[in-house]
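One file, upload_2.cif, is given below (mmCIF, C-alpha atoms and all ligand atoms).
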data_entry
#
loop_
_atom_site.label_atom_id
_atom_site.label_comp_id
_atom_site.auth_asym_id
_atom_site.auth_seq_id
_atom_site.Cartn_x
_atom_site.Cartn_y
_atom_site.Cartn_z
CA MET A 1 -9.16 48.62 -32.21
CA THR A 2 -8.35 45.10 -33.35
CA SER A 3 -11.05 42.65 -32.29
CA THR A 4 -10.47 39.23 -30.78
CA TYR A 5 -12.00 37.84 -33.97
CA ASP A 6 -9.30 39.54 -36.06
CA LEU A 7 -6.51 38.50 -33.72
CA ASP A 8 -7.69 34.88 -33.78
CA LEU A 9 -7.86 34.88 -37.57
CA ASP A 10 -4.41 36.46 -37.87
CA ARG A 11 -2.99 33.86 -35.51
CA ALA A 12 -4.63 31.12 -37.56
CA VAL A 13 -3.24 32.47 -40.84
CA ALA A 14 0.25 32.77 -39.31
CA ALA A 15 0.00 29.17 -38.10
CA LEU A 16 -1.01 27.91 -41.57
CA ARG A 17 1.94 29.81 -43.12
CA GLU A 18 4.29 28.16 -40.60
CA GLY A 19 3.00 24.70 -41.47
CA ARG A 20 1.00 24.27 -38.27
CA LEU A 21 -2.54 22.97 -37.78
CA VAL A 22 -5.68 25.07 -37.41
CA ALA A 23 -9.05 23.66 -36.44
CA PHE A 24 -11.83 25.79 -37.90
CA PRO A 25 -15.62 25.79 -38.13
CA THR A 26 -17.48 25.05 -41.35
CA GLU A 27 -21.22 24.76 -41.91
CA THR A 28 -20.91 20.94 -41.93
CA VAL A 29 -18.42 19.92 -39.23
CA TYR A 30 -15.17 21.36 -37.83
CA GLY A 31 -12.10 20.79 -39.99
CA LEU A 32 -8.48 20.15 -39.02
CA GLY A 33 -6.66 22.33 -41.51
CA ALA A 34 -3.16 22.71 -42.92
CA ASP A 35 -1.64 24.45 -45.93
CA ALA A 36 -2.69 22.09 -48.74
CA GLU A 37 0.62 22.66 -50.57
CA ASN A 38 2.85 21.99 -47.55
CA GLU A 39 3.57 18.24 -47.44
CA ALA A 40 5.05 18.28 -43.94
CA ALA A 41 2.00 20.10 -42.58
CA VAL A 42 -0.32 17.69 -44.35
CA ALA A 43 1.63 14.76 -42.88
CA ARG A 44 0.90 16.16 -39.43
CA ILE A 45 -2.83 16.02 -40.11
CA PHE A 46 -2.58 12.29 -40.78
CA ALA A 47 -0.43 11.78 -37.66
CA VAL A 48 -2.75 13.74 -35.36
CA LYS A 49 -5.88 12.10 -36.75
CA GLU A 50 -4.24 8.65 -36.72
CA ARG A 51 -5.64 8.36 -40.22
CA PRO A 52 -4.25 6.03 -42.92
CA ARG A 53 -2.10 8.00 -45.38
CA ASN A 54 -4.05 6.82 -48.42
CA HIS A 55 -7.25 8.58 -47.31
CA PRO A 56 -7.42 11.76 -49.41
CA LEU A 57 -8.12 15.17 -47.87
CA ILE A 58 -10.55 17.80 -49.14
CA VAL A 59 -8.96 21.11 -50.17
CA HIS A 60 -10.96 24.12 -49.02
CA VAL A 61 -10.76 27.30 -51.09
CA ALA A 62 -12.23 30.80 -50.81
CA SER A 63 -14.37 30.87 -53.95
CA ALA A 64 -15.34 29.10 -57.15
CA GLN A 65 -12.91 31.37 -59.01
CA GLU A 66 -10.10 29.29 -57.51
CA LEU A 67 -11.18 26.13 -59.35
CA PRO A 68 -8.74 26.48 -62.28
CA ARG A 69 -5.83 26.90 -59.83
CA TRP A 70 -6.51 23.56 -58.15
CA ALA A 71 -8.06 21.42 -60.88
CA ALA A 72 -6.31 20.43 -64.12
CA GLU A 73 -9.63 20.54 -65.90
CA VAL A 74 -12.93 22.19 -64.93
CA PRO A 75 -15.84 20.45 -66.68
CA ALA A 76 -19.07 22.34 -67.29
CA ALA A 77 -20.83 20.28 -64.59
CA ALA A 78 -18.29 21.51 -62.03
CA GLU A 79 -18.89 25.11 -62.99
CA GLN A 80 -22.64 24.64 -62.80
CA LEU A 81 -22.58 22.94 -59.41
CA ALA A 82 -20.07 25.40 -57.98
CA ALA A 83 -22.14 28.37 -59.17
CA ALA A 84 -25.32 26.93 -57.64
CA CYS A 85 -24.03 25.34 -54.42
CA TRP A 86 -20.91 27.22 -53.28
CA PRO A 87 -20.30 28.35 -50.65
CA GLY A 88 -22.00 25.21 -49.36
CA PRO A 89 -21.81 21.56 -48.30
CA LEU A 90 -20.69 20.10 -51.63
CA THR A 91 -17.27 18.66 -52.50
CA LEU A 92 -16.36 18.24 -56.16
CA LEU A 93 -13.80 15.64 -57.21
CA LEU A 94 -11.80 16.81 -60.21
CA ARG A 95 -8.47 15.95 -61.84
CA LYS A 96 -5.87 17.62 -59.68
CA ALA A 97 -3.63 20.48 -60.80
CA ALA A 98 0.15 20.01 -60.51
CA ARG A 99 0.34 22.30 -57.45
CA VAL A 100 -1.66 19.79 -55.33
CA PRO A 101 0.79 17.35 -53.70
CA THR A 102 -0.21 13.68 -53.82
CA ALA A 103 0.42 13.68 -50.05
CA THR A 104 -2.81 15.71 -49.86
CA THR A 105 -4.79 13.49 -52.23
CA GLY A 106 -3.76 10.18 -50.68
CA GLY A 107 -1.72 9.36 -53.77
CA LEU A 108 -4.62 9.98 -56.19
CA GLN A 109 -4.59 12.13 -59.31
CA SER A 110 -7.93 13.66 -58.33
CA VAL A 111 -8.63 16.35 -55.75
CA GLY A 112 -11.70 17.10 -53.65
CA LEU A 113 -12.50 20.83 -53.64
CA ARG A 114 -15.01 22.78 -51.61
CA VAL A 115 -15.94 26.33 -50.60
CA PRO A 116 -17.39 26.13 -47.09
CA ALA A 117 -20.37 28.30 -46.14
CA HIS A 118 -19.15 29.61 -42.80
CA PRO A 119 -18.11 33.26 -42.43
CA MET A 120 -15.08 32.41 -40.26
CA ALA A 121 -13.86 29.69 -42.64
CA LEU A 122 -14.29 31.99 -45.62
CA GLU A 123 -12.42 34.82 -43.92
CA LEU A 124 -9.61 32.43 -42.97
CA LEU A 125 -9.35 31.22 -46.56
CA ARG A 126 -9.41 34.76 -47.97
CA ARG A 127 -6.69 36.01 -45.62
CA PHE A 128 -4.55 32.91 -46.10
CA GLY A 129 -4.90 33.04 -49.88
CA GLY A 130 -4.05 29.36 -50.46
CA GLY A 131 -5.92 26.11 -50.15
CA VAL A 132 -6.54 24.52 -46.77
CA ALA A 133 -6.52 20.73 -46.69
CA ALA A 134 -8.87 19.59 -43.95
CA PRO A 135 -10.52 16.39 -42.82
CA SER A 136 -13.03 16.47 -40.00
CA ALA A 137 -11.27 17.41 -36.75
CA ASN A 138 -11.73 14.09 -34.92
CA ARG A 139 -9.57 11.00 -34.47
CA PHE A 140 -10.00 8.52 -37.28
CA GLY A 141 -13.25 6.53 -37.14
CA ARG A 142 -14.79 8.62 -34.37
CA VAL A 143 -17.74 10.99 -34.42
CA SER A 144 -17.12 14.24 -36.33
CA PRO A 145 -17.06 17.43 -34.21
CA THR A 146 -19.84 19.99 -34.61
CA SER A 147 -18.59 22.43 -31.95
CA ALA A 148 -15.25 23.79 -30.76
CA ALA A 149 -15.73 21.94 -27.47
CA HIS A 150 -15.93 18.64 -29.40
CA VAL A 151 -12.61 19.42 -31.11
CA ARG A 152 -10.97 20.29 -27.80
CA ALA A 153 -12.26 17.08 -26.23
CA ASP A 154 -10.92 14.95 -29.12
CA LEU A 155 -7.67 16.57 -30.16
CA GLY A 156 -6.68 18.81 -27.22
CA ASP A 157 -3.17 20.24 -27.58
CA ASP A 158 -2.54 18.50 -30.89
CA VAL A 159 -4.23 21.48 -32.53
CA ASP A 160 -2.10 24.65 -32.71
CA VAL A 161 -4.99 27.10 -33.17
CA LEU A 162 -8.69 26.40 -32.61
CA LEU A 163 -11.14 28.89 -34.09
CA ASP A 164 -14.49 28.84 -32.32
CA GLY A 165 -17.37 29.61 -34.66
CA GLY A 166 -20.19 28.08 -32.64
CA SER A 167 -22.21 25.01 -33.56
CA CYS A 168 -22.26 23.85 -37.17
CA ASP A 169 -25.53 24.53 -39.01
CA VAL A 170 -25.67 21.51 -41.30
CA GLY A 171 -24.08 19.04 -38.88
CA VAL A 172 -23.13 16.25 -41.31
CA GLU A 173 -20.26 16.26 -43.79
CA SER A 174 -20.45 17.59 -47.32
CA THR A 175 -21.90 15.68 -50.24
CA ILE A 176 -19.10 14.33 -52.44
CA VAL A 177 -19.60 14.10 -56.21
CA ASP A 178 -16.97 12.61 -58.48
CA LEU A 179 -16.81 14.54 -61.75
CA THR A 180 -13.67 12.86 -63.13
CA GLY A 181 -15.60 10.28 -65.19
CA THR A 182 -18.16 10.40 -67.97
CA VAL A 183 -21.11 10.56 -65.54
CA PRO A 184 -21.23 12.25 -62.13
CA VAL A 185 -21.06 9.75 -59.27
CA LEU A 186 -22.16 10.31 -55.68
CA LEU A 187 -19.47 9.12 -53.24
CA ARG A 188 -21.01 10.40 -50.02
CA PRO A 189 -24.49 11.82 -49.38
CA GLY A 190 -24.46 15.05 -47.39
CA GLY A 191 -25.85 18.54 -46.98
CA VAL A 192 -26.63 19.05 -50.68
CA THR A 193 -29.06 16.34 -51.73
CA VAL A 194 -28.58 14.13 -54.77
CA GLU A 195 -32.04 15.22 -55.92
CA GLN A 196 -30.81 18.84 -55.98
CA ILE A 197 -27.71 17.86 -57.94
CA GLU A 198 -29.69 15.90 -60.49
CA ALA A 199 -32.09 18.81 -60.94
CA LEU A 200 -29.19 21.22 -61.45
CA LEU A 201 -27.32 19.03 -63.95
CA GLY A 202 -30.34 17.54 -65.68
CA VAL A 203 -28.74 14.08 -65.63
CA SER A 204 -28.98 11.23 -63.17
CA VAL A 205 -26.11 10.79 -60.77
CA GLY A 206 -24.46 7.39 -60.37
CA ARG A 207 -24.35 5.88 -56.90
CA CYS A 208 -21.04 4.47 -55.79
CA ALA A 209 -21.48 1.08 -54.14
CA SER A 210 -19.51 2.16 -51.08
CA ALA A 211 -21.79 5.16 -50.51
CA GLU A 212 -24.94 3.08 -50.63
CA VAL A 213 -26.78 2.11 -47.52
CA ARG A 214 -26.16 -1.61 -47.22
CA ALA A 215 -26.63 -4.17 -44.49
CA PRO A 216 -24.88 -2.88 -41.35
CA GLY A 217 -22.67 -5.96 -41.32
CA MET A 218 -21.08 -4.92 -44.59
CA LEU A 219 -19.99 -1.51 -43.47
CA ALA A 220 -16.76 -0.67 -41.74
CA SER A 221 -17.37 1.30 -38.57
CA HIS A 222 -17.09 5.05 -38.86
CA TYR A 223 -18.61 8.06 -37.10
CA ALA A 224 -18.88 5.77 -34.09
CA PRO A 225 -19.36 6.63 -30.43
CA ARG A 226 -18.07 4.29 -27.68
CA ALA A 227 -21.59 3.01 -27.12
CA ARG A 228 -22.82 0.28 -29.44
CA VAL A 229 -25.27 1.63 -32.04
CA GLU A 230 -28.25 -0.57 -32.91
CA LEU A 231 -30.72 0.22 -35.68
CA VAL A 232 -34.29 -1.04 -35.36
CA PRO A 233 -37.54 -0.27 -37.19
CA ALA A 234 -39.26 2.83 -35.75
CA ALA A 235 -42.20 0.71 -34.58
CA ALA A 236 -39.87 -1.50 -32.49
CA LEU A 237 -37.90 1.25 -30.71
CA ALA A 238 -39.88 1.36 -27.47
CA GLU A 239 -40.10 -2.41 -27.07
CA ARG A 240 -36.41 -2.97 -27.80
CA ALA A 241 -35.45 -0.21 -25.35
CA ALA A 242 -37.51 -1.86 -22.61
CA GLU A 243 -36.01 -5.26 -23.36
CA LEU A 244 -32.40 -4.02 -23.23
CA SER A 245 -33.13 -2.06 -20.07
CA ARG A 246 -34.54 -5.17 -18.39
CA ARG A 247 -31.22 -6.87 -19.17
CA GLY A 248 -29.44 -4.15 -17.25
CA GLN A 249 -28.20 -2.10 -20.18
CA ARG A 250 -28.23 1.69 -20.19
CA VAL A 251 -30.12 2.68 -23.34
CA ALA A 252 -30.08 5.98 -25.24
CA VAL A 253 -32.99 6.19 -27.69
CA MET A 254 -32.39 8.63 -30.52
CA LEU A 255 -35.72 9.99 -31.68
CA ALA A 256 -35.79 11.16 -35.30
CA PRO A 257 -38.56 13.19 -36.98
CA GLY A 258 -40.33 9.97 -38.11
CA ASP A 259 -40.42 8.44 -34.64
CA ALA A 260 -43.51 10.18 -33.29
CA ALA A 261 -45.16 6.92 -32.24
CA ALA A 262 -42.13 5.78 -30.26
CA ARG A 263 -42.12 9.14 -28.50
CA GLN A 264 -45.59 8.32 -27.12
CA GLU A 265 -44.78 4.74 -26.13
CA LEU A 266 -41.35 5.24 -24.64
CA ARG A 267 -41.08 4.96 -20.93
CA ALA A 268 -38.01 6.78 -19.67
CA ASP A 269 -36.82 5.06 -16.51
CA GLY A 270 -33.49 4.56 -14.82
CA GLY A 271 -32.16 2.58 -17.77
CA VAL A 272 -33.66 4.41 -20.74
CA PHE A 273 -33.17 8.01 -21.80
CA VAL A 274 -34.11 9.97 -24.91
CA LEU A 275 -31.89 11.95 -27.26
CA ASP A 276 -34.27 14.11 -29.26
CA LEU A 277 -33.14 14.93 -32.80
CA GLY A 278 -35.99 17.37 -33.39
CA GLY A 279 -38.82 17.68 -35.87
CA SER A 280 -37.17 17.82 -39.31
CA ASP A 281 -34.36 16.08 -41.18
CA ALA A 282 -32.39 19.33 -41.06
CA ASP A 283 -32.71 19.42 -37.24
CA ALA A 284 -31.76 15.76 -37.04
CA ALA A 285 -28.64 16.26 -39.19
CA GLN A 286 -27.62 19.26 -37.13
CA ARG A 287 -27.97 17.38 -33.84
CA LEU A 288 -26.89 13.86 -34.83
CA TYR A 289 -23.21 13.96 -33.86
CA ALA A 290 -23.76 15.91 -30.64
CA ALA A 291 -26.39 13.29 -29.70
CA LEU A 292 -23.97 10.40 -30.35
CA ARG A 293 -21.40 12.15 -28.17
CA GLN A 294 -24.00 12.80 -25.48
CA ALA A 295 -24.74 9.07 -25.35
CA ASP A 296 -21.10 8.53 -24.35
CA VAL A 297 -21.15 11.38 -21.83
CA ASP A 298 -24.23 9.78 -20.26
CA SER A 299 -22.52 6.35 -20.23
CA ALA A 300 -25.01 4.63 -22.52
CA ASP A 301 -24.18 1.01 -23.35
CA VAL A 302 -26.28 1.15 -26.46
CA VAL A 303 -27.79 3.80 -28.73
CA LEU A 304 -31.06 2.76 -30.37
CA ALA A 305 -32.15 4.53 -33.54
CA SER A 306 -34.43 3.94 -36.50
CA VAL A 307 -33.08 4.42 -40.03
CA PRO A 308 -34.66 7.44 -41.71
CA GLU A 309 -35.99 7.21 -45.25
CA SER A 310 -33.12 7.56 -47.67
CA ARG A 311 -34.51 10.61 -49.44
CA GLY A 312 -33.29 14.21 -49.41
CA LEU A 313 -31.20 14.93 -46.31
CA GLY A 314 -32.47 11.61 -44.93
CA ALA A 315 -29.92 9.88 -47.20
CA ALA A 316 -27.04 11.50 -45.32
CA LEU A 317 -28.60 10.65 -41.96
CA ALA A 318 -29.18 7.03 -42.99
CA ASP A 319 -25.59 6.75 -44.28
CA ARG A 320 -24.03 8.07 -41.05
CA LEU A 321 -26.27 5.95 -38.82
CA MET A 322 -25.46 2.80 -40.79
CA LYS A 323 -21.75 3.57 -40.47
CA ALA A 324 -22.05 4.28 -36.76
CA ALA A 325 -23.74 0.87 -36.40
CA GLY A 326 -21.11 -0.93 -38.50
CA PRO A 327 -18.86 -3.62 -37.01
CA ARG A 328 -15.97 -2.31 -34.91
O1 LIG B 401 -17.94 18.54 -44.78
C1 LIG B 401 -16.83 18.08 -45.03
O2 LIG B 401 -16.55 17.54 -46.12
C2 LIG B 401 -15.78 18.14 -43.92
C3 LIG B 401 -15.43 19.61 -43.69
C4 LIG B 401 -14.27 19.80 -42.73
O3 LIG B 401 -15.16 20.24 -44.92
N1 LIG B 401 -14.62 17.39 -44.26
C5 LIG B 401 -14.62 16.04 -44.26
O4 LIG B 401 -13.39 15.48 -44.52
O5 LIG B 401 -15.58 15.37 -44.02
P1 LIG B 401 -13.04 13.96 -44.27
O6 LIG B 401 -11.59 13.86 -44.55
O7 LIG B 401 -13.48 13.54 -42.93
O8 LIG B 401 -13.81 13.21 -45.39
C6 LIG B 401 -13.43 13.45 -46.73
C7 LIG B 401 -13.86 12.32 -47.60
C8 LIG B 401 -13.07 11.05 -47.34
O9 LIG B 401 -13.95 9.97 -47.27
C9 LIG B 401 -12.17 10.94 -48.56
O10 LIG B 401 -11.91 9.62 -48.88
C10 LIG B 401 -12.98 11.66 -49.63
O11 LIG B 401 -13.59 12.69 -48.95
N2 LIG B 401 -12.09 12.24 -50.66
C11 LIG B 401 -11.40 13.38 -50.60
N3 LIG B 401 -10.66 13.55 -51.71
C12 LIG B 401 -10.91 12.50 -52.50
C13 LIG B 401 -10.43 12.06 -53.76
N4 LIG B 401 -9.55 12.77 -54.45
N5 LIG B 401 -10.92 10.90 -54.25
C14 LIG B 401 -11.81 10.17 -53.56
N6 LIG B 401 -12.29 10.50 -52.34
C15 LIG B 401 -11.83 11.66 -51.82
MG MG B 402 -14.17 12.50 -41.30
#
Would you kindly transcribe this structure into structure tokens?
Amino acid sequence: MTSTYDLDLDRAVAALREGRLVAFPTETVYGLGADAENEAAVARIFAVKERPRNHPLIVHVASAQELPRWAAEVPAAAEQLAAACWPGPLTLLLRKAARVPTATTGGLQSVGLRVPAHPMALELLRRFGGGVAAPSANRFGRVSPTSAAHVRADLGDDVDVLLDGGSCDVGVESTIVDLTGTVPVLLRPGGVTVEQIEALLGVSVGRCASAEVRAPGMLASHYAPRARVELVPAAALAERAAELSRRGQRVAVMLAPGDAAARQELRADGGVFVLDLGGSDADAAQRLYAALRQADVDSADVVLASVPESRGLGAALADRLMKAAGPR
């Protein structure tokens, strides 16, 4: 008997072949996928996401063996990182092969490639056989979806097929490393830490200015809920929450692993409620986007959070929080 799982995957593959859009789970966030070589299909991704056309898409492939098909050149560092980290939350930027349309790469001569570590995504990629171009399955600038329900809430009928693979394990987007230059450069911190990458390659990784955690005022808003996001030192969380509440604001306090003291001091009342991110950075990454969405569901005016230490997975958390707090 053919299972629902098989039928769903077959429907998804058929949709990709017809140039339609498939939302699918990955270990990081849900992606909004199209045939990476079909320019019309890729154009629909940009239209549905309301995303500027010069923002390149990541091409998802079934295994590291596909690298030479999609990249014009595969440096040793790419082979090393792919062997160690794929399937997994790491995107490698390489010089693109001719088959990759510039519509997919936002006009660039490089391509972002990744093998996602989610059984449903991998099975989709294997059955489809090609590359699937996919950004996160949310409208541009909004919070990335970590469940099928999030995708439905954001994109509704604009998605032709939605594969439900449960909640995403990692919860924040992949780490992006640019390998097109003489030294590897980190463009976005994510599920694979820069410390891991440096240990694997035995060289230090450059930090791109735009990926660095800077003053909130310098960052364009991204990953943002409707509620305003305010970052305060952990020691000031409880006091700031009380102050905003006194002024009549509805306050969601996001408690990260390092906020144990605030947990003791916080007084939940009519105006203040807690969004608990759990006891480890991995828990916090997994829950971050759902918590930001929950703040909106619960009609918070403001989300208060402390910035985690920018080490290990904390770097990805800090990056996303700073962007969520950026000017609108
Ligand atoms: O975890 C992820 O990476 C998720 C899942 C679905 O795989 N995808 C994702 O895609 O986060 P998106 O489009 O939301 O973010 C991709 C980022 C963008 O900031 C884009 O600018 C960058 O990757 N990117 C992709 N290709 C690039 C390229 N050739 N050069 C520079 N940046 C690139
Ligand atoms: Mg995105």
* Asked: Using all atoms listed in the file, which of the listed residues (A:Arg69, A:Arg139, A:Arg126, A:Arg95) sits closest to Ile45 (chain A)?
  ->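 Nearest to Ile45 (chain A): A:Arg139.
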* To do: Using only C-alpha atoms and all ligand atoms, find the one residue out of A:Arg320, A:Arg240, A:Arg226, A:Arg267 that sits nearest to ligand LIG 401 (chain B).
  => A:Arg320
* Asked: CA of Leu16 (chain A) to CA of Leu155 (chain A): how many Å, to one decimal?
  ->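 Spanning CA of Leu16 (chain A) to CA of Leu155 (chain A) is a straight-line distance of 17.4 Å.
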So that I can see what lies close to Val74 (chain A), please list as a PDB file with C-alpha atoms, keeping the file's coordinate frame the residues with an atom at most 12 Å from it, counting all atoms listed in the file and leaving out residues fewer than 2 positions away in the same chain.
ATOM      1  CA  ALA A  64     -15.340  29.100 -57.150  1.00  0.00           C
ATOM      2  CA  GLN A  65     -12.910  31.370 -59.010  1.00  0.00           C
ATOM      3  CA  GLU A  66     -10.100  29.290 -57.510  1.00  0.00           C
ATOM      4  CA  LEU A  67     -11.180  26.130 -59.350  1.00  0.00           C
ATOM      5  CA  PRO A  68      -8.740  26.480 -62.280  1.00  0.00           C
ATOM      6  CA  ARG A  69      -5.830  26.900 -59.830  1.00  0.00           C
ATOM      7  CA  TRP A  70      -6.510  23.560 -58.150  1.00  0.00           C
ATOM      8  CA  ALA A  71      -8.060  21.420 -60.880  1.00  0.00           C
ATOM      9  CA  ALA A  72      -6.310  20.430 -64.120  1.00  0.00           C
ATOM     10  CA  ALA A  76     -19.070  22.340 -67.290  1.00  0.00           C
ATOM     11  CA  ALA A  77     -20.830  20.280 -64.590  1.00  0.00           C
ATOM     12  CA  ALA A  78     -18.290  21.510 -62.030  1.00  0.00           C
ATOM     13  CA  GLU A  79     -18.890  25.110 -62.990  1.00  0.00           C
ATOM     14  CA  GLN A  80     -22.640  24.640 -62.800  1.00  0.00           C
ATOM     15  CA  LEU A  81     -22.580  22.940 -59.410  1.00  0.00           C
ATOM     16  CA  ALA A  82     -20.070  25.400 -57.980  1.00  0.00           C
ATOM     17  CA  LEU A  92     -16.360  18.240 -56.160  1.00  0.00           C
ATOM     18  CA  LEU A  93     -13.800  15.640 -57.210  1.00  0.00           C
ATOM     19  CA  LEU A  94     -11.800  16.810 -60.210  1.00  0.00           C
ATOM     20  CA  ARG A  95      -8.470  15.950 -61.840  1.00  0.00           C
ATOM     21  CA  LYS A  96      -5.870  17.620 -59.680  1.00  0.00           C
ATOM     22  CA  ALA A  97      -3.630  20.480 -60.800  1.00  0.00           C
ATOM     23  CA  SER A 110      -7.930  13.660 -58.330  1.00  0.00           C
ATOM     24  CA  VAL A 111      -8.630  16.350 -55.750  1.00  0.00           C
ATOM     25  CA  LEU A 113     -12.500  20.830 -53.640  1.00  0.00           C
ATOM     26  CA  LEU A 179     -16.810  14.540 -61.750  1.00  0.00           C
ATOM     27  CA  THR A 180     -13.670  12.860 -63.130  1.00  0.00           C
TER      28      THR A 180
END
* Asked: When the cut-off is 9 Å and you count only C-alpha atoms and all ligand atoms, which residues lie near ligand MG 402 (chain B), shown as a PyMOL selection string?
  -> chain A and resi 29+31+135-144+173+222-223
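One finds CA of Phe46 (chain A) at 27.2 Å from CA of Ala318 (chain A).
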* Which one of A:Arg99, A:Arg114, A:Arg207, A:Arg20 sits closest to ligand LIG 401 (chain B) if you count all atoms listed in the file? ->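 Once distances to ligand LIG 401 (chain B) are computed over all atoms listed in the file, the minimum belongs to A:Arg114.
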* Å distance separating CA of Gly270 (chain A) from CA of Leu304 (chain A), one decimal place -> 15.8 Å
* To do: Measuring atom to atom with all atoms listed in the file, identify which of A:Val159, A:Val229, A:Ala41, A:Val177 is nearest to ligand LIG 401 (chain B).
  =>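 Of the candidates, the smallest distance to ligand LIG 401 (chain B) is held by A:Val177.
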* For Ala260 (chain A), which of A:Ala15, A:Leu244, A:Leu7, A:Leu237 is the closest residue, counting only C-alpha atoms? ->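 For Ala260 (chain A), the nearest of the candidates is A:Leu237.
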* Find the spatial neighbours of region 286-301 of chain A, counting all atoms listed in the file, within a cut-off of 7 Å - ignore same-chain residues fewer than 4 positions away - and output them as a list in words. =>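 Once the nearby chain positions are removed, what remains is Val143, Ser144, Thr146, Asp169, Val170, Gly171, Val172, Pro225, Arg226, Ala227, Arg228, Gln249, Arg250, Val251, Ala252, Leu275, Leu277 and Ala282 of chain A.
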* Residue with smallest distance to Thr104 (chain A) - pool A:Ser63, A:Ala36, A:Pro52, A:His118, counting all atoms listed in the file -> A:Ala36
* **Within 9 Å of Asp178 (chain A) using only C-alpha atoms, minus same-chain residues under 5 positions, as a list in words** =>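 Here the qualifying residues turn out to be Thr91, Leu92, Leu93, Leu94, Gly112, Val183, Pro184, Val185, Leu186 and Leu187 of chain A.
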Write to file, as a compact mmCIF listing (two decimals), keeping the file's coordinate frame, the residues of the selection just made, with C-alpha atoms.
# COMPACT_ATOMS: atom_id res chain seq x y z
CA THR A 91 -17.27 18.66 -52.50
CA LEU A 92 -16.36 18.24 -56.16
CA LEU A 93 -13.80 15.64 -57.21
CA LEU A 94 -11.80 16.81 -60.21
CA GLY A 112 -11.70 17.10 -53.65
CA VAL A 183 -21.11 10.56 -65.54
CA PRO A 184 -21.23 12.25 -62.13
CA VAL A 185 -21.06 9.75 -59.27
CA LEU A 186 -22.16 10.31 -55.68
CA LEU A 187 -19.47 9.12 -53.24
* Asked: Leaving out Asp164 (chain A) and any residue of its chain fewer than 5 positions from it, which residues lie within 9 Å of it when counting all atoms listed in the file, given as a PyMOL selection string?
  -> chain A and resi 23-25+120+147-149
* Nearby residues (all atoms listed in the file) at most 7 Å from Leu231 (chain A), same-chain spacing under 3 positions excluded, as a list in words -> Leu304, Ala305, Ser306 and Val307 of chain A
Axis-aligned box over every listed atom of ligand LIG 401 (chain B), padded by 8 Å per side: centre and edges in Å to one decimal, as AutoDock Vina command-line options?
--center_x -13.7 --center_y 14.9 --center_z -48.6 --size_x 24.4 --size_y 26.6 --size_z 27.7
Would you mind completing region 179-190 of chain A to N, CA and C atoms and writing the output as a compact mmCIF listing (two decimals), in the frame of the given file?
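Final file, selection.txt:
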# COMPACT_ATOMS: atom_id res chain seq x y z
N LEU A 179 -16.56 14.04 -60.39
CA LEU A 179 -16.81 14.54 -61.75
C LEU A 179 -15.64 14.19 -62.67
N THR A 180 -14.84 13.21 -62.31
CA THR A 180 -13.67 12.86 -63.13
C THR A 180 -14.02 11.86 -64.24
N GLY A 181 -15.21 11.26 -64.18
CA GLY A 181 -15.60 10.28 -65.19
C GLY A 181 -16.61 10.83 -66.18
N THR A 182 -17.22 9.95 -66.94
CA THR A 182 -18.16 10.40 -67.97
C THR A 182 -19.51 10.78 -67.37
N VAL A 183 -19.88 10.15 -66.23
CA VAL A 183 -21.11 10.56 -65.54
C VAL A 183 -20.76 10.94 -64.11
N PRO A 184 -21.48 11.90 -63.53
CA PRO A 184 -21.23 12.25 -62.13
C PRO A 184 -21.61 11.08 -61.21
N VAL A 185 -20.79 10.86 -60.19
CA VAL A 185 -21.06 9.75 -59.27
C VAL A 185 -21.05 10.28 -57.83
N LEU A 186 -22.06 9.91 -57.09
CA LEU A 186 -22.16 10.31 -55.68
C LEU A 186 -21.29 9.37 -54.84
N LEU A 187 -20.32 9.95 -54.11
CA LEU A 187 -19.47 9.12 -53.24
C LEU A 187 -19.90 9.18 -51.79
N ARG A 188 -20.53 10.28 -51.41
CA ARG A 188 -21.01 10.40 -50.02
C ARG A 188 -22.20 11.34 -50.01
N PRO A 189 -23.36 10.90 -49.49
CA PRO A 189 -24.49 11.82 -49.38
C PRO A 189 -24.22 12.82 -48.26
N GLY A 190 -24.72 14.02 -48.41
CA GLY A 190 -24.46 15.05 -47.39
C GLY A 190 -25.45 16.18 -47.48
